[in-house]
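Undergrad: File query-v3.cif follows (mmCIF, C-alpha atoms and all ligand atoms):
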data_final
loop_
_atom_site.group_PDB
_atom_site.id
_atom_site.type_symbol
_atom_site.label_atom_id
_atom_site.label_comp_id
_atom_site.auth_asym_id
_atom_site.auth_seq_id
_atom_site.Cartn_x
_atom_site.Cartn_y
_atom_site.Cartn_z
ATOM 1 C CA MET A 1 207.232 -12.514 92.822
ATOM 2 C CA ASN A 2 208.177 -15.112 95.452
ATOM 3 C CA ALA A 3 208.107 -18.699 94.030
ATOM 4 C CA THR A 4 206.082 -20.075 96.968
ATOM 5 C CA ILE A 5 203.336 -17.531 96.302
ATOM 6 C CA VAL A 6 203.363 -18.256 92.539
ATOM 7 C CA SER A 7 202.854 -21.960 93.337
ATOM 8 C CA LYS A 8 199.633 -21.059 95.187
ATOM 9 C CA LEU A 9 198.100 -18.951 92.385
ATOM 10 C CA SER A 10 195.352 -20.228 90.136
ATOM 11 C CA CYS A 11 194.281 -18.895 86.757
ATOM 12 C CA PRO A 12 191.160 -16.712 87.125
ATOM 13 C CA ILE A 13 189.843 -18.038 83.791
ATOM 14 C CA CYS A 14 190.418 -21.817 83.880
ATOM 15 C CA LYS A 15 191.521 -22.329 87.547
ATOM 16 C CA SER A 16 194.717 -24.176 86.512
ATOM 17 C CA ALA A 17 197.979 -23.740 88.410
ATOM 18 C CA MET A 18 200.337 -20.975 87.289
ATOM 19 C CA GLN A 19 204.035 -20.618 86.683
ATOM 20 C CA MET A 20 206.326 -17.659 86.155
ATOM 21 C CA ASP A 21 208.584 -17.344 83.111
ATOM 22 C CA THR A 22 212.266 -17.379 84.016
ATOM 23 C CA ASP A 23 212.584 -13.643 83.269
ATOM 24 C CA GLY A 24 209.874 -12.958 85.876
ATOM 25 C CA LYS A 25 207.833 -10.867 83.416
ATOM 26 C CA VAL A 26 204.911 -13.137 82.522
ATOM 27 C CA CYS A 27 202.910 -15.657 84.528
ATOM 28 C CA ARG A 28 201.209 -18.466 82.552
ATOM 29 C CA CYS A 29 198.656 -21.046 83.493
ATOM 30 C CA ASN A 30 198.967 -24.766 82.821
ATOM 31 C CA GLY A 31 195.498 -25.037 81.285
ATOM 32 C CA ALA A 32 194.645 -26.653 77.955
ATOM 33 C CA ARG A 33 194.670 -23.139 76.470
ATOM 34 C CA THR A 34 197.452 -21.214 78.192
ATOM 35 C CA HIS A 35 196.385 -17.857 79.668
ATOM 36 C CA CYS A 36 199.133 -15.268 80.174
ATOM 37 C CA TYR A 37 199.357 -12.451 82.716
ATOM 38 C CA ASP A 38 202.002 -9.725 82.486
ATOM 39 C CA VAL A 39 203.743 -8.689 85.669
ATOM 40 C CA ALA A 40 203.228 -4.920 86.093
ATOM 41 C CA ARG A 41 206.263 -2.673 86.401
ATOM 42 C CA SER A 42 205.718 -2.339 90.146
ATOM 43 C CA GLY A 43 205.622 -6.161 90.427
ATOM 44 C CA TYR A 44 201.940 -7.111 90.799
ATOM 45 C CA LEU A 45 199.758 -9.395 88.688
ATOM 46 C CA ASN A 46 196.323 -8.432 87.437
ATOM 47 C CA LEU A 47 194.192 -11.548 88.002
ATOM 48 C CA THR A 48 190.722 -10.075 87.582
ATOM 49 C CA LEU A 49 188.193 -11.006 84.977
ATOM 50 C CA PRO A 50 186.704 -8.237 82.809
ATOM 51 C CA GLY A 51 183.755 -6.586 84.559
ATOM 52 C CA GLY A 52 184.996 -7.682 87.979
ATOM 53 C CA GLY A 53 184.439 -4.298 89.640
ATOM 54 C CA GLU A 54 186.687 -1.408 90.547
ATOM 55 C CA GLY A 55 187.682 -1.265 94.218
ATOM 56 C CA ASP A 56 188.963 1.905 95.872
ATOM 57 C CA SER A 57 189.955 4.976 93.846
ATOM 58 C CA LYS A 58 193.411 6.502 93.629
ATOM 59 C CA ALA A 59 192.339 9.332 95.960
ATOM 60 C CA ALA A 60 191.103 6.878 98.611
ATOM 61 C CA VAL A 61 194.335 4.894 98.307
ATOM 62 C CA GLN A 62 196.413 8.063 98.685
ATOM 63 C CA ALA A 63 194.475 9.099 101.806
ATOM 64 C CA ARG A 64 194.941 5.687 103.428
ATOM 65 C CA LYS A 65 198.620 5.667 102.508
ATOM 66 C CA SER A 66 199.155 9.054 104.123
ATOM 67 C CA PHE A 67 197.218 8.304 107.321
ATOM 68 C CA LEU A 68 198.377 4.711 107.886
ATOM 69 C CA GLY A 69 201.945 5.602 106.908
ATOM 70 C CA ALA A 70 202.047 8.034 109.854
ATOM 71 C CA GLY A 71 201.774 5.005 112.151
ATOM 72 C CA TYR A 72 198.478 5.748 113.930
ATOM 73 C CA TYR A 73 197.376 2.088 113.551
ATOM 74 C CA ALA A 74 200.777 0.479 114.118
ATOM 75 C CA PRO A 75 199.576 -1.122 117.405
ATOM 76 C CA LEU A 76 196.939 -3.054 115.388
ATOM 77 C CA CYS A 77 199.679 -4.345 113.110
ATOM 78 C CA ASP A 78 201.655 -5.500 116.171
ATOM 79 C CA VAL A 79 198.652 -7.438 117.541
ATOM 80 C CA LEU A 80 198.047 -9.111 114.155
ATOM 81 C CA ASP A 81 201.728 -10.022 113.945
ATOM 82 C CA GLU A 82 201.594 -11.617 117.374
ATOM 83 C CA MET A 83 198.359 -13.507 116.632
ATOM 84 C CA LEU A 84 199.701 -14.846 113.316
ATOM 85 C CA SER A 85 202.883 -15.967 115.056
ATOM 86 C CA SER A 86 200.965 -17.739 117.777
ATOM 87 C CA CYS A 87 198.987 -19.587 115.043
ATOM 88 C CA ASN A 88 202.321 -20.467 113.406
ATOM 89 C CA ALA A 89 201.018 -19.068 110.096
ATOM 90 C CA LYS A 90 203.784 -19.250 107.499
ATOM 91 C CA SER A 91 201.611 -18.375 104.497
ATOM 92 C CA VAL A 92 199.101 -15.537 104.755
ATOM 93 C CA LEU A 93 196.594 -14.077 102.302
ATOM 94 C CA ASP A 94 195.360 -10.528 102.929
ATOM 95 C CA ALA A 95 191.844 -10.419 101.416
ATOM 96 C CA GLY A 96 191.179 -6.742 100.599
ATOM 97 C CA SER A 97 194.738 -5.547 101.178
ATOM 98 C CA GLY A 98 194.121 -1.915 100.104
ATOM 99 C CA GLU A 99 197.427 -0.055 99.755
ATOM 100 C CA GLY A 100 199.212 -2.853 101.584
ATOM 101 C CA TYR A 101 200.041 -1.189 104.904
ATOM 102 C CA TYR A 102 199.446 -4.347 106.952
ATOM 103 C CA THR A 103 200.412 -6.806 104.174
ATOM 104 C CA ASN A 104 203.896 -5.350 103.776
ATOM 105 C CA ARG A 105 204.519 -5.146 107.499
ATOM 106 C CA LEU A 106 203.379 -8.703 108.189
ATOM 107 C CA ALA A 107 205.536 -10.259 105.447
ATOM 108 C CA SER A 108 208.713 -10.624 107.470
ATOM 109 C CA GLY A 109 209.362 -14.376 107.907
ATOM 110 C CA ARG A 110 206.104 -15.288 106.089
ATOM 111 C CA ASP A 111 204.930 -15.805 102.506
ATOM 112 C CA VAL A 112 202.290 -13.119 102.126
ATOM 113 C CA LEU A 113 199.949 -12.286 99.234
ATOM 114 C CA GLY A 114 197.669 -9.241 99.185
ATOM 115 C CA VAL A 115 194.603 -9.309 96.915
ATOM 116 C CA ASP A 116 192.430 -6.293 96.218
ATOM 117 C CA LEU A 117 190.129 -5.112 93.444
ATOM 118 C CA SER A 118 191.681 -1.660 93.440
ATOM 119 C CA ARG A 119 194.440 -1.478 90.864
ATOM 120 C CA ALA A 120 195.614 1.828 92.391
ATOM 121 C CA GLY A 121 195.818 0.174 95.832
ATOM 122 C CA VAL A 122 197.670 -2.890 94.569
ATOM 123 C CA ASP A 123 200.080 -0.743 92.558
ATOM 124 C CA ALA A 124 200.908 1.407 95.621
ATOM 125 C CA ALA A 125 201.327 -1.736 97.740
ATOM 126 C CA ALA A 126 203.631 -3.404 95.197
ATOM 127 C CA LYS A 127 205.709 -0.229 94.820
ATOM 128 C CA TYR A 128 206.216 -0.108 98.580
ATOM 129 C CA ALA A 129 207.186 -3.807 98.596
ATOM 130 C CA LYS A 130 209.740 -3.180 95.859
ATOM 131 C CA GLN A 131 211.222 -0.102 97.565
ATOM 132 C CA THR A 132 211.527 -1.708 100.979
ATOM 133 C CA GLY A 133 212.129 -5.350 99.994
ATOM 134 C CA SER A 134 209.245 -6.369 102.271
ATOM 135 C CA GLY A 135 208.819 -9.632 100.328
ATOM 136 C CA ALA A 136 205.018 -9.311 100.094
ATOM 137 C CA ALA A 137 203.384 -10.159 96.746
ATOM 138 C CA PHE A 138 200.272 -8.494 95.334
ATOM 139 C CA ALA A 139 197.540 -9.287 92.823
ATOM 140 C CA VAL A 140 194.490 -7.424 91.598
ATOM 141 C CA GLY A 141 191.616 -9.803 92.201
ATOM 142 C CA SER A 142 188.296 -10.280 93.891
ATOM 143 C CA ILE A 143 187.764 -11.411 97.473
ATOM 144 C CA PHE A 144 184.739 -13.404 96.252
ATOM 145 C CA SER A 145 186.769 -15.328 93.666
ATOM 146 C CA LEU A 146 190.330 -15.368 94.968
ATOM 147 C CA PRO A 147 192.931 -16.260 92.293
ATOM 148 C CA VAL A 148 194.539 -18.940 94.483
ATOM 149 C CA ALA A 149 194.321 -22.736 94.768
ATOM 150 C CA ASP A 150 192.115 -24.663 97.209
ATOM 151 C CA GLU A 151 193.640 -25.204 100.670
ATOM 152 C CA SER A 152 196.712 -23.116 99.858
ATOM 153 C CA PHE A 153 197.121 -20.734 102.834
ATOM 154 C CA ASP A 154 197.723 -21.223 106.569
ATOM 155 C CA ALA A 155 195.926 -17.988 107.418
ATOM 156 C CA LEU A 156 193.835 -15.204 105.989
ATOM 157 C CA ILE A 157 193.499 -11.645 107.226
ATOM 158 C CA ASN A 158 190.460 -9.547 106.351
ATOM 159 C CA LEU A 159 190.566 -5.970 107.617
ATOM 160 C CA PHE A 160 187.754 -3.516 106.945
ATOM 161 C CA ALA A 161 186.982 -5.294 103.654
ATOM 162 C CA PRO A 162 184.134 -7.627 102.649
ATOM 163 C CA CYS A 163 184.210 -11.024 104.353
ATOM 164 C CA ALA A 164 183.514 -13.970 101.989
ATOM 165 C CA GLU A 165 183.325 -16.957 104.288
ATOM 166 C CA SER A 166 182.752 -19.739 101.735
ATOM 167 C CA GLU A 167 185.607 -18.520 99.551
ATOM 168 C CA PHE A 168 187.853 -18.201 102.615
ATOM 169 C CA LEU A 169 187.019 -21.800 103.585
ATOM 170 C CA ARG A 170 187.996 -22.941 100.104
ATOM 171 C CA VAL A 171 191.479 -21.360 100.165
ATOM 172 C CA LEU A 172 192.399 -22.091 103.804
ATOM 173 C CA LYS A 173 194.285 -25.265 104.655
ATOM 174 C CA PRO A 174 192.555 -27.616 107.094
ATOM 175 C CA MET A 175 192.814 -26.061 110.578
ATOM 176 C CA GLY A 176 193.737 -22.753 108.902
ATOM 177 C CA ASN A 177 193.042 -19.461 110.679
ATOM 178 C CA LEU A 178 191.056 -16.392 109.689
ATOM 179 C CA LEU A 179 191.585 -13.007 111.348
ATOM 180 C CA VAL A 180 188.757 -10.531 110.757
ATOM 181 C CA VAL A 181 189.031 -6.943 111.952
ATOM 182 C CA GLY A 182 186.227 -4.426 112.177
ATOM 183 C CA ALA A 183 185.455 -1.187 113.963
ATOM 184 C CA GLY A 184 184.717 -1.616 117.659
ATOM 185 C CA GLU A 185 181.769 0.282 119.080
ATOM 186 C CA ARG A 186 183.829 3.338 120.117
ATOM 187 C CA HIS A 187 186.067 3.462 117.028
ATOM 188 C CA LEU A 188 186.738 7.106 116.113
ATOM 189 C CA PHE A 189 184.186 8.336 118.614
ATOM 190 C CA GLY A 190 186.105 11.640 118.994
ATOM 191 C CA LEU A 191 185.682 12.250 115.265
ATOM 192 C CA LYS A 192 181.957 11.558 115.452
ATOM 193 C CA GLU A 193 181.590 13.862 118.482
ATOM 194 C CA ILE A 194 182.835 16.715 116.331
ATOM 195 C CA LEU A 195 180.661 15.843 113.355
ATOM 196 C CA TYR A 196 177.371 14.976 115.042
ATOM 197 C CA GLU A 197 175.266 16.278 117.902
ATOM 198 C CA ASN A 198 174.271 12.777 119.041
ATOM 199 C CA PRO A 199 176.977 10.352 117.963
ATOM 200 C CA TYR A 200 175.987 6.706 118.124
ATOM 201 C CA LEU A 201 178.111 3.660 118.923
ATOM 202 C CA ASN A 202 179.197 1.522 115.965
ATOM 203 C CA PRO A 203 176.979 -1.530 115.440
ATOM 204 C CA GLY A 204 179.805 -4.015 114.669
ATOM 205 C CA ARG A 205 180.384 -6.111 111.558
ATOM 206 C CA ALA A 206 177.284 -7.782 110.147
ATOM 207 C CA ASP A 207 179.182 -10.162 107.853
ATOM 208 C CA LEU A 208 181.151 -12.254 110.353
ATOM 209 C CA PRO A 209 181.587 -15.956 109.544
ATOM 210 C CA THR A 210 178.832 -18.264 110.723
ATOM 211 C CA ASP A 211 180.198 -21.700 109.762
ATOM 212 C CA MET A 212 183.669 -21.342 111.232
ATOM 213 C CA LYS A 213 184.528 -21.665 114.886
ATOM 214 C CA GLN A 214 185.447 -18.438 116.680
ATOM 215 C CA ILE A 215 188.401 -19.221 118.894
ATOM 216 C CA ASP A 216 189.473 -15.774 120.084
ATOM 217 C CA ARG A 217 188.182 -12.220 120.182
ATOM 218 C CA ARG A 218 190.287 -9.257 121.206
ATOM 219 C CA ARG A 219 189.563 -5.619 121.663
ATOM 220 C CA LEU A 220 192.334 -3.106 121.015
ATOM 221 C CA THR A 221 191.583 0.430 122.168
ATOM 222 C CA TYR A 222 193.801 3.464 122.587
ATOM 223 C CA ARG A 223 193.776 7.194 121.961
ATOM 224 C CA ILE A 224 195.385 8.990 119.032
ATOM 225 C CA GLU A 225 196.032 12.644 118.321
ATOM 226 C CA VAL A 226 195.805 13.336 114.613
ATOM 227 C CA GLU A 227 197.951 16.297 113.632
ATOM 228 C CA GLY A 228 197.100 18.717 110.814
ATOM 229 C CA ARG A 229 194.220 19.310 108.421
ATOM 230 C CA GLU A 230 195.574 16.989 105.775
ATOM 231 C CA GLN A 231 195.739 13.947 108.051
ATOM 232 C CA ILE A 232 192.331 14.718 109.591
ATOM 233 C CA GLU A 233 190.832 14.883 106.094
ATOM 234 C CA ALA A 234 192.641 11.646 105.141
ATOM 235 C CA LEU A 235 191.201 9.864 108.177
ATOM 236 C CA PHE A 236 187.717 11.251 107.524
ATOM 237 C CA SER A 237 187.815 10.054 103.910
ATOM 238 C CA MET A 238 188.614 6.505 105.109
ATOM 239 C CA THR A 239 185.370 6.344 107.092
ATOM 240 C CA PRO A 240 181.799 5.649 105.952
ATOM 241 C CA TYR A 241 180.828 9.072 107.424
ATOM 242 C CA TYR A 242 182.679 10.742 104.547
ATOM 243 C CA TRP A 243 179.823 9.813 102.212
ATOM 244 C CA ARG A 244 176.922 10.624 104.490
ATOM 245 C CA THR A 245 177.860 13.833 106.306
ATOM 246 C CA SER A 246 176.171 17.140 105.465
ATOM 247 C CA GLU A 247 178.149 20.178 104.343
ATOM 248 C CA SER A 248 177.428 21.971 107.626
ATOM 249 C CA ASP A 249 178.682 19.045 109.705
ATOM 250 C CA ARG A 250 181.781 18.735 107.499
ATOM 251 C CA ALA A 251 182.548 22.405 108.158
ATOM 252 C CA LYS A 252 182.951 21.601 111.883
ATOM 253 C CA LEU A 253 185.782 19.236 111.052
ATOM 254 C CA GLU A 254 187.359 21.715 108.664
ATOM 255 C CA ALA A 255 187.667 24.184 111.537
ATOM 256 C CA ILE A 256 190.127 22.082 113.545
ATOM 257 C CA ASP A 257 193.743 21.130 112.935
ATOM 258 C CA ARG A 258 194.198 18.653 115.761
ATOM 259 C CA LEU A 259 191.865 15.752 116.505
ATOM 260 C CA LYS A 260 191.913 13.624 119.645
ATOM 261 C CA THR A 261 189.970 10.408 119.373
ATOM 262 C CA GLU A 262 189.700 6.864 120.608
ATOM 263 C CA VAL A 263 190.395 4.039 118.205
ATOM 264 C CA ASP A 264 188.708 0.738 118.907
ATOM 265 C CA PHE A 265 189.402 -2.411 116.890
ATOM 266 C CA ASP A 266 187.407 -5.615 117.203
ATOM 267 C CA ILE A 267 189.637 -8.537 116.228
ATOM 268 C CA PHE A 268 188.122 -11.984 115.661
ATOM 269 C CA LEU A 269 190.041 -15.217 115.165
ATOM 270 C CA TYR A 270 188.249 -18.118 113.446
ATOM 271 C CA ARG A 271 189.547 -21.599 112.686
ATOM 272 C CA LYS A 272 188.566 -23.932 109.866
ATOM 273 C CA GLY A 273 187.966 -27.577 110.802
ATOM 274 C CA GLN A 274 189.863 -30.642 109.556
HETATM 275 C C1 LIG B 301 188.423 0.087 103.789
HETATM 276 S S1 LIG B 301 189.551 -0.600 102.654
HETATM 277 C C2 LIG B 301 190.595 -1.565 103.725
HETATM 278 C C3 LIG B 301 191.944 -1.840 103.140
HETATM 279 C C4 LIG B 301 192.944 -2.531 104.092
HETATM 280 N N1 LIG B 301 192.493 -3.855 104.493
HETATM 281 C C5 LIG B 301 193.162 -1.668 105.317
HETATM 282 O O1 LIG B 301 192.617 -1.968 106.381
HETATM 283 O O2 LIG B 301 193.887 -0.674 105.182
HETATM 284 C C6 LIG B 301 188.575 -1.801 101.814
HETATM 285 C C7 LIG B 301 189.323 -2.432 100.639
HETATM 286 O O3 LIG B 301 188.522 -3.518 100.136
HETATM 287 C C8 LIG B 301 188.662 -3.499 98.721
HETATM 288 N N2 LIG B 301 187.526 -4.269 98.180
HETATM 289 C C9 LIG B 301 186.210 -3.992 98.264
HETATM 290 N N3 LIG B 301 185.480 -4.970 97.677
HETATM 291 C C10 LIG B 301 186.372 -5.891 97.220
HETATM 292 C C11 LIG B 301 186.251 -7.134 96.522
HETATM 293 N N4 LIG B 301 185.059 -7.618 96.184
HETATM 294 N N5 LIG B 301 187.372 -7.801 96.213
HETATM 295 C C12 LIG B 301 188.598 -7.298 96.540
HETATM 296 N N6 LIG B 301 188.771 -6.140 97.214
HETATM 297 C C13 LIG B 301 187.678 -5.448 97.532
HETATM 298 C C14 LIG B 301 188.688 -2.041 98.333
HETATM 299 O O4 LIG B 301 189.261 -1.837 97.061
HETATM 300 C C15 LIG B 301 189.547 -1.485 99.474
HETATM 301 O O5 LIG B 301 190.915 -1.489 99.131
HETATM 302 ZN ZN ZN B 302 194.065 -20.514 82.432
#
In structure tokens, write the structure found in this file.
Ligand SMILES: C[S@@+](CC[C@H](N)C(=O)[O-])C[C@H]1O[C@@H](n2cnc3c(N)ncnc32)[C@H](O)[C@@H]1O
Ligand SMILES: [Zn+2]

TA:
Amino acid sequence: MNATIVSKLSCPICKSAMQMDTDGKVCRCNGARTHCYDVARSGYLNLTLPGGGEGDSKAAVQARKSFLGAGYYAPLCDVLDEMLSSCNAKSVLDAGSGEGYYTNRLASGRDVLGVDLSRAGVDAAAKYAKQTGSGAAFAVGSIFSLPVADESFDALINLFAPCAESEFLRVLKPMGNLLVVGAGERHLFGLKEILYENPYLNPGRADLPTDMKQIDRRRLTYRIEVEGREQIEALFSMTPYYWRTSESDRAKLEAIDRLKTEVDFDIFLYRKGQ
């Protein structure tokens, strides 16, 4: 794990700073009673406390890996890359990094740490980082109690994962930036038109920051054509509709092997004060 990232970590138990053993296999805190964390074979650290929750399952991680890996959301990654560059963000924390699609792709020229509660997601993300040499680091941890020091990151990204404003304010440097992404009102409308007789527009994120200043808002919309049953099912399983669609409505989706739909991302940029 990159030394700059290790220097930003804090022990989830006693909040002390951490350091890596020279063999790179164990990370220890500098607290009065040293706490030790083994580096997993794929290269991540587990920095959760017992009973800290589960995060996404292996199946959900696999679906996201398959769909995102096909590049359907690559234009979103390009916009985030450009926005982080224009903020001159050299250190970035991805809060709720999932299987690391964006984290790994945004790590070029930056120190990037992805944190997620899902061990399966973090493991997949770390494996990808190892295979490709992306340079991104990963830890299992909670968005609401991030295992990093106060004022340690230039920027945070928070995509389709819970937004924890007070915790984000703690870990951002003064004048640090927060990018939050949610579904725009017409996101996946083509999918909903197949599933439902009267599809509604998405309501937008209800958990946006209230104490930070919004300095930019962008809308990214384009059309995608999802090829094949497997990818359509993977996309469907990434949506909230997966859990609340009746068997008969699901059957409509099962009958197609090509899906044309709009994607619509709402991208918000917030800045912390001095
Ligand atoms: C919809 S996925 C988005 C993943 C990734 N940001 C993306 O856009 O591909 C939501 C992620 O948030 C994670 N998550 C949910 N609650 C969390 C929490 N309290 N702390 C850390 N991660 C959490 C889940 O495990 C899951 O990986
Ligand atoms: Zn400790």

Undergrad: When the PyMOL selection byres (((chain A and resi 163-172) around 8) and not hetatm) is applied to the structure above, which residues does it catch, written out as a list in words?

TA: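 That selection, the PyMOL selection byres (((chain A and resi 163-172) around 8) and not hetatm), comes back as Ile143, Phe144, Ser145, Leu146, Val148, Ala149, Asp150, Glu151, Ser152, Phe153, Asp154, Ala155, Leu156, Asn158, Ala161, Pro162, Lys173, Pro174, Met175, Gly176, Asn177, Leu178, Val180, Asp207, Leu208, Pro209, Thr210, Asp211 and Lys272 of chain A.
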
Undergrad: Residues picked by the PyMOL selection byres (((not hetatm)) within 8 of (chain B and resi 301)) here, as a PyMOL selection string?

TA: chain A and resi 53-57+61+64+68+94-102+115-118+121+140-145+158-162+238-239

Undergrad: Select, from A:Ala206, A:Cys29, A:Met1, A:Val79, the residue with the minimum atom-to-atom distance to ligand ZN 302 (chain B), counting only C-alpha atoms and all ligand atoms.

TA: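 Closest to ligand ZN 302 (chain B), using only C-alpha atoms and all ligand atoms: A:Cys29.
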
Undergrad: Which residues come within 7 Å of Ile267 (chain A), counting all atoms listed in the file, excluding same-chain residues fewer than 5 positions away, as a ChimeraX atom specification?

TA: /A:179-182,217-219

Undergrad: Which residues sit within 8 Å of ligand ZN 302 (chain B), counting all atoms listed in the file, listed as an NGL selection string?

TA: :A and (10-18 or 28-36)

Undergrad: Can you measure CA of Lys127 (chain A) to CA of Tyr37 (chain A) for me? One decimal in Å is fine.

TA: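 Here the two named atoms are 18.3 Å from each other.
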
Undergrad: Using all atoms listed in the file, find the one residue out of A:Gln231, A:Asn202, A:Gln214, A:Thr221 that sits nearest to Leu76 (chain A).

TA: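 Between A:Gln231, A:Asn202, A:Gln214, A:Thr221, the residue approaching Leu76 (chain A) most closely is A:Thr221.
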
Undergrad: Which value, in Å to one decimal, gives the distance between CA of Tyr270 (chain A) and CA of Asp216 (chain A)?

TA: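 Going from CA of Tyr270 (chain A) over to CA of Asp216 (chain A), I get 7.1 Å.
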
Undergrad: Could you name the residues that touch Gly190 (chain A) at 9 Å or less, counting all atoms listed in the file, but leaving out those on the same chain fewer than 2 positions away, as number ranges by chain?

TA: A: 186-188, 192-195, 259-263

Undergrad: Take the residues from that selection and write them out as a PDB file, keeping the file's coordinate frame, keeping C-alpha atoms.

TA:
ATOM      1  CA  ARG A 186     183.829   3.338 120.117  1.00  0.00           C
ATOM      2  CA  HIS A 187     186.067   3.462 117.028  1.00  0.00           C
ATOM      3  CA  LEU A 188     186.738   7.106 116.113  1.00  0.00           C
ATOM      4  CA  LYS A 192     181.957  11.558 115.452  1.00  0.00           C
ATOM      5  CA  GLU A 193     181.590  13.862 118.482  1.00  0.00           C
ATOM      6  CA  ILE A 194     182.835  16.715 116.331  1.00  0.00           C
ATOM      7  CA  LEU A 195     180.661  15.843 113.355  1.00  0.00           C
ATOM      8  CA  LEU A 259     191.865  15.752 116.505  1.00  0.00           C
ATOM      9  CA  LYS A 260     191.913  13.624 119.645  1.00  0.00           C
ATOM     10  CA  THR A 261     189.970  10.408 119.373  1.00  0.00           C
ATOM     11  CA  GLU A 262     189.700   6.864 120.608  1.00  0.00           C
ATOM     12  CA  VAL A 263     190.395   4.039 118.205  1.00  0.00           C
TER      13      VAL A 263
END

Undergrad: Where does the PyMOL selection byres (((chain A and resi 237) around 12) and not hetatm) land in this file, that is, which residues does it pick, as a list in words?

TA: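 Residues picked by the PyMOL selection byres (((chain A and resi 237) around 12) and not hetatm): Asp56, Ser57, Ala59, Ala60, Val61, Gln62, Ala63, Arg64, Lys65, Ser66, Phe67, Leu191, Glu230, Gln231, Ile232, Glu233, Ala234, Leu235, Phe236, Met238, Thr239, Pro240, Tyr241, Tyr242, Trp243, Arg244, Thr245, Arg250 and Leu253 of chain A.
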
Undergrad: Can you tell me how far CA of Arg110 (chain A) sits from CA of Leu9 (chain A), in Å to one decimal?

TA: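 According to the coordinates, CA of Arg110 (chain A) and CA of Leu9 (chain A) are separated by 16.3 Å.
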
Undergrad: Could you give me, as a compact mmCIF listing (two decimals) with C-alpha atoms, in the frame of the given file, the residues within 10 Å of Asp78 (chain A), counting all atoms listed in the file and dropping anything in the same chain fewer than 6 positions from it?

TA:
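Contents of the output file around-v1.txt:
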# COMPACT_ATOMS: atom_id res chain seq x y z
CA LEU A 84 199.70 -14.85 113.32
CA TYR A 102 199.45 -4.35 106.95
CA ARG A 105 204.52 -5.15 107.50
CA LEU A 106 203.38 -8.70 108.19

Undergrad: Which residue, A:Ser7, A:Ser86, A:Thr22, A:Asn2, has the smallest gap to Tyr44 (chain A) when you use all atoms listed in the file?

TA: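 Closest to Tyr44 (chain A) of all the choices is A:Asn2.
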
Undergrad: Calculated over all atoms listed in the file, which of the candidates A:Gly114, A:Ala139, A:Glu254, A:Val92 has the smallest distance to Val39 (chain A)?

TA: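 Looking only at the distances to Val39 (chain A), the closest residue turns out to be A:Ala139.
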
Undergrad: Please, which residues are within 7 Å of (181.9, -2.2, 115.4) by the file's coordinates, counting all atoms listed in the file, and could they come as an NGL selection string?

TA: :A and (182-185 or 202-205 or 266)

Undergrad: Keeping C-alpha atoms for every residue in the selection just given, could you write it to a file as a PDB file, keeping the file's coordinate frame?

TA:
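result_22.pdb, written as the output of this step:
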ATOM      1  CA  GLY A 182     186.227  -4.426 112.177  1.00  0.00           C
ATOM      2  CA  ALA A 183     185.455  -1.187 113.963  1.00  0.00           C
ATOM      3  CA  GLY A 184     184.717  -1.616 117.659  1.00  0.00           C
ATOM      4  CA  GLU A 185     181.769   0.282 119.080  1.00  0.00           C
ATOM      5  CA  ASN A 202     179.197   1.522 115.965  1.00  0.00           C
ATOM      6  CA  PRO A 203     176.979  -1.530 115.440  1.00  0.00           C
ATOM      7  CA  GLY A 204     179.805  -4.015 114.669  1.00  0.00           C
ATOM      8  CA  ARG A 205     180.384  -6.111 111.558  1.00  0.00           C
ATOM      9  CA  ASP A 266     187.407  -5.615 117.203  1.00  0.00           C
TER      10      ASP A 266
END

Undergrad: Can you pull out the residues contacting Ala3 (chain A)? Cut-off 10 Å, using all atoms listed in the file, and skip same-chain residues under 6 positions away; I want them as an NGL selection string.

TA: :A and (19-20 or 111)

Undergrad: Return as JSON the box centre and box size in Å, one decimal, for an axis-aligned box around all listed atoms of region 154-166 of chain A padded by 3 Å per side.

TA:
{"center_x": 190.2, "center_y": -12.4, "center_z": 104.7, "size_x": 21.0, "size_y": 23.7, "size_z": 11.9}
